[in-house]
Amino acid sequence: MMRKITTQIIGLLLLVIASLPLSAAEYLDGIVAVVEDDIILESELAQEVAAVNSKLKANNVQLPPDNILYKQVLERLIIGALQSQLAEKAGVKVTDEMLESSMSVIAEQNGMDLSSFKQEIIAQGMSYETFKESVRKEIIINQLRNHEIGSRVKVSEQEIDHYLETEISSEDLKVKYLLGHILIAVPEGASATTIQTEEAEALSVIKQLRKGSDFKQMAVSVSDGANALQGGELGWRTLNQLPTLFVDVVKTMNKGDVAGPIRSPGGFHILKLFDSTGIDSHIITETRVRHILIKTNELVNDKEAQKRLQDIAGRIADGDDFAALAKANSDDTGSALKGGELGWVTPGLLVPPFEKTMTELEINELSEPVQTQFGWHLIQVLERRNKDNKEQQKRNQARDDIRKRKIEEETELWLRRLRDEAYVDIRLEALNE
């Protein structure tokens with residue numbers, strides 16, 4: 001544990017220790033390093049070295065020579081001390097409630113409740129309080145790094161596009177697609193009229209397929225492709241086994257989708273995705289919702305806002321139009337112009353009280369007045385639909401990966417700069433060599 005102490009007192013302590021006879025000094029906990037206004041004690045270094053030793057042995061890692069191990073561990077303690085000091089100056093704190101919540105999450109991740117986790121820590125020969133303080137310190141340092149570094153790290157859409165094109169392409173190649181293909185051929189040197197005619201036929205075929213016509217029967221009947229008599233089936237293929245002009249289209253398709261027409265020198269291509277393997281689906285429920293908002297102010301208190309919404313709900317029940325009432329009464333000017341509509345919303349987009357109520361409503365059901373930080377709402381759900389969010393999920397994952405990489409790079413530079421600019425006096429001669 002680091003002890004806060006002024007530079008003047010540190011100097012006095014060192015003079016006192018130096019003046020003591022060996023028999024008296026050997027009972028004192030020696031100072032191994034001065035880090036700005038703090039000190040690192042010999043007992044702290046020994047305790048940390050012992051912990052590192054245990055971890056390395058448990059992982060069957062050969063131990064380095066003692067002087068190297070001590071030097072590396074001391075450097076880690078110095079860096080930790082500097083971050084702790086900076087966090088204290090920045091006012092970064094972790095309350096007991098935040099710490100208990102974090103401990104519960106750690107316990108859950110280990111498949112235990114908090115009480116069982118505590119017993120497990122003790123059974124392993126560790127102090128639970130010491131473990132908690134190490135978690136508190138880790139949270140503080142993470143918050144400090146997020147404050148110092150995270151806020152500066154930005155990820156552009158262009159970086160995400162590049163990442164998806166280059167670094168996730170190997171993942172895409174693990175995916176196999178079972179595709180159907182119909183070709184409406186265009187003769188070489190065809191006139192503009194002929195091209196338009198063939199395109200119109202392709203569009204007609206797509207329209208029929210999307211209405212439920214059997215793809216394989218349609219392929220046998222109209223396709224000019226080599227696989228027409230196999231019902232247009234191309235078989236299972238990875239992206240690198242497909243024509244280049246199909247790749248970008250196929251990557252965005254869901255099972256059952258019909259895509260096209262895709263123009264090539266040979267004609268117009270129509271694709272259907274029969275099935276795929278190796279794709280993780282991310283099904284989310286989107287909700288089309290509208291609301292009427294009454295804000296509170298000096299003239300309109302909570303009780304008045306609720307009464308106004310209840311009156312509006314009564315008018316809607318009597319047959320008045322929701323959209324017209326939203327335009328006339330809602331304080332959300334953006335949605336009021338659209339009859340209160342917020343459009344299709346995804347989970348997590350709206351504030352929790354609003355989303356909770358919205359999720360529990362039946363289609364066309366009106367809510368009771370609901371309070372959020374924006375005021376009081378009358379909510380109505382118009383539609384719901386399930387959507388495979390895998391493409392957005394891939395972009396979100398790419399954004400997270402790029403951000404983590406940037407933060408790691410920035411953290412290394414930041415810590416090095418923090419260490420270089422700090423006053424550090426190492427007192428053990430063996431570690432100064």
# chains A, B, ... in the order shown; residues from 1 in each chain; ligands from 1
call {"tool": "residues_around", "arguments": {"residues": "Trp344 in chain A", "least_positions_apart": "3", "cutoff": "8 Å", "atoms": "only C-alpha atoms", "output": "number ranges by chain"}}
result
A: 286-289
call {"tool": "residues_around", "arguments": {"residues": "Glu157 in chain A", "least_positions_apart": "3", "cutoff": "12 Å", "atoms": "only C-alpha atoms", "output": "count of residues only"}}
result
11
call {"tool": "residues_around", "arguments": {"residues": "range 385-389 of chain A", "least_positions_apart": "3", "cutoff": "9 Å", "atoms": "only C-alpha atoms", "output": "PyMOL selection string"}}
result
chain A and resi 254+281-288+392-394
call {"tool": "residues_around", "arguments": {"residues": "Glu75 in chain A", "least_positions_apart": "3", "cutoff": "12 Å", "atoms": "only C-alpha atoms", "output": "ChimeraX atom specification"}}
result
/A:32-35,40,45,48-49,68-72,78-82,415-416,419-420,424-426,431-432
call {"tool": "write_last_selection", "arguments": {"atoms": "N, CA and C atoms", "output": "PDB file, in the first residue's frame"}}
result
ATOM      1  N   VAL A  32      12.423   1.493  -0.846  1.00  0.00           N
ATOM      2  CA  VAL A  32      13.144   1.053  -2.034  1.00  0.00           C
ATOM      3  C   VAL A  32      13.062   2.083  -3.157  1.00  0.00           C
ATOM      4  N   ALA A  33      12.058   2.963  -3.116  1.00  0.00           N
ATOM      5  CA  ALA A  33      11.953   3.993  -4.165  1.00  0.00           C
ATOM      6  C   ALA A  33      11.099   5.152  -3.685  1.00  0.00           C
ATOM      7  N   VAL A  34      11.492   6.346  -4.124  1.00  0.00           N
ATOM      8  CA  VAL A  34      10.703   7.554  -3.909  1.00  0.00           C
ATOM      9  C   VAL A  34      10.075   7.909  -5.259  1.00  0.00           C
ATOM     10  N   VAL A  35       8.744   8.041  -5.267  1.00  0.00           N
ATOM     11  CA  VAL A  35       8.016   8.312  -6.513  1.00  0.00           C
ATOM     12  C   VAL A  35       7.216   9.594  -6.311  1.00  0.00           C
ATOM     13  N   ILE A  40       7.756   3.707  -2.013  1.00  0.00           N
ATOM     14  CA  ILE A  40       7.474   2.281  -2.125  1.00  0.00           C
ATOM     15  C   ILE A  40       8.360   1.577  -1.104  1.00  0.00           C
ATOM     16  N   LEU A  45       7.397  -4.317  -2.178  1.00  0.00           N
ATOM     17  CA  LEU A  45       8.105  -4.932  -3.301  1.00  0.00           C
ATOM     18  C   LEU A  45       8.185  -6.439  -3.115  1.00  0.00           C
ATOM     19  N   GLU A  48       4.779  -8.089  -3.721  1.00  0.00           N
ATOM     20  CA  GLU A  48       4.422  -8.128  -5.140  1.00  0.00           C
ATOM     21  C   GLU A  48       5.265  -9.141  -5.891  1.00  0.00           C
ATOM     22  N   VAL A  49       6.556  -9.229  -5.565  1.00  0.00           N
ATOM     23  CA  VAL A  49       7.446 -10.219  -6.199  1.00  0.00           C
ATOM     24  C   VAL A  49       6.954 -11.626  -5.895  1.00  0.00           C
ATOM     25  N   ILE A  68      16.492  -9.136 -12.212  1.00  0.00           N
ATOM     26  CA  ILE A  68      15.624  -8.727 -13.324  1.00  0.00           C
ATOM     27  C   ILE A  68      14.169  -8.713 -12.877  1.00  0.00           C
ATOM     28  N   LEU A  69      13.747  -9.759 -12.151  1.00  0.00           N
ATOM     29  CA  LEU A  69      12.377  -9.837 -11.675  1.00  0.00           C
ATOM     30  C   LEU A  69      12.053  -8.666 -10.743  1.00  0.00           C
ATOM     31  N   TYR A  70      12.955  -8.387  -9.803  1.00  0.00           N
ATOM     32  CA  TYR A  70      12.739  -7.289  -8.878  1.00  0.00           C
ATOM     33  C   TYR A  70      12.642  -5.956  -9.617  1.00  0.00           C
ATOM     34  N   LYS A  71      13.496  -5.777 -10.625  1.00  0.00           N
ATOM     35  CA  LYS A  71      13.494  -4.517 -11.373  1.00  0.00           C
ATOM     36  C   LYS A  71      12.180  -4.335 -12.129  1.00  0.00           C
ATOM     37  N   GLN A  72      11.701  -5.426 -12.760  1.00  0.00           N
ATOM     38  CA  GLN A  72      10.450  -5.341 -13.525  1.00  0.00           C
ATOM     39  C   GLN A  72       9.261  -5.083 -12.601  1.00  0.00           C
ATOM     40  N   ILE A  78       6.051   1.430  -9.610  1.00  0.00           N
ATOM     41  CA  ILE A  78       6.282   2.861  -9.846  1.00  0.00           C
ATOM     42  C   ILE A  78       5.207   3.427 -10.784  1.00  0.00           C
ATOM     43  N   ILE A  79       4.953   2.705 -11.876  1.00  0.00           N
ATOM     44  CA  ILE A  79       3.924   3.148 -12.827  1.00  0.00           C
ATOM     45  C   ILE A  79       2.552   3.196 -12.145  1.00  0.00           C
ATOM     46  N   GLY A  80       2.277   2.191 -11.311  1.00  0.00           N
ATOM     47  CA  GLY A  80       1.006   2.180 -10.592  1.00  0.00           C
ATOM     48  C   GLY A  80       0.895   3.353  -9.633  1.00  0.00           C
ATOM     49  N   ALA A  81       2.007   3.671  -8.957  1.00  0.00           N
ATOM     50  CA  ALA A  81       2.010   4.800  -8.018  1.00  0.00           C
ATOM     51  C   ALA A  81       1.763   6.118  -8.742  1.00  0.00           C
ATOM     52  N   LEU A  82       2.389   6.297  -9.879  1.00  0.00           N
ATOM     53  CA  LEU A  82       2.214   7.536 -10.644  1.00  0.00           C
ATOM     54  C   LEU A  82       0.771   7.694 -11.107  1.00  0.00           C
ATOM     55  N   LEU A 415       2.019   6.162 -20.698  1.00  0.00           N
ATOM     56  CA  LEU A 415       2.712   5.653 -19.511  1.00  0.00           C
ATOM     57  C   LEU A 415       4.208   5.942 -19.570  1.00  0.00           C
ATOM     58  N   ARG A 416       4.782   5.804 -20.779  1.00  0.00           N
ATOM     59  CA  ARG A 416       6.204   6.081 -20.929  1.00  0.00           C
ATOM     60  C   ARG A 416       6.509   7.545 -20.645  1.00  0.00           C
ATOM     61  N   ARG A 419       6.190   8.247 -16.930  1.00  0.00           N
ATOM     62  CA  ARG A 419       7.379   7.759 -16.203  1.00  0.00           C
ATOM     63  C   ARG A 419       8.572   8.664 -16.441  1.00  0.00           C
ATOM     64  N   ASP A 420       8.772   9.086 -17.674  1.00  0.00           N
ATOM     65  CA  ASP A 420       9.948   9.904 -18.018  1.00  0.00           C
ATOM     66  C   ASP A 420       9.911  11.278 -17.355  1.00  0.00           C
ATOM     67  N   VAL A 424      11.628  10.095  -9.841  1.00  0.00           N
ATOM     68  CA  VAL A 424      11.720   8.752  -9.276  1.00  0.00           C
ATOM     69  C   VAL A 424      13.155   8.524  -8.804  1.00  0.00           C
ATOM     70  N   ASP A 425      13.292   8.150  -7.532  1.00  0.00           N
ATOM     71  CA  ASP A 425      14.614   7.887  -6.948  1.00  0.00           C
ATOM     72  C   ASP A 425      14.618   6.458  -6.420  1.00  0.00           C
ATOM     73  N   ILE A 426      15.305   5.563  -7.140  1.00  0.00           N
ATOM     74  CA  ILE A 426      15.386   4.162  -6.716  1.00  0.00           C
ATOM     75  C   ILE A 426      16.516   4.015  -5.711  1.00  0.00           C
ATOM     76  N   LEU A 431      19.288  -2.382  -8.231  1.00  0.00           N
ATOM     77  CA  LEU A 431      18.326  -2.078  -9.294  1.00  0.00           C
ATOM     78  C   LEU A 431      18.721  -0.844 -10.103  1.00  0.00           C
ATOM     79  N   ASN A 432      19.767  -0.174  -9.682  1.00  0.00           N
ATOM     80  CA  ASN A 432      20.253   0.984 -10.415  1.00  0.00           C
ATOM     81  C   ASN A 432      21.369   0.616 -11.381  1.00  0.00           C
TER      82      ASN A 432
END
call {"tool": "select_by_dssp", "arguments": {"residues": "range 145-392 of chain A", "states": "strand (DSSP E or B)", "output": "PyMOL selection string"}}
result
chain A and resi 176-185+233-237+258-264+267-277+283-294+341-345+366+370-372+375-388
call {"tool": "closest_residue", "arguments": {"among": "A:Leu203, A:Leu178, A:Asn329, A:Ser191", "to": "Gly256 in chain A", "atoms": "only C-alpha atoms"}}
result
A:Leu178
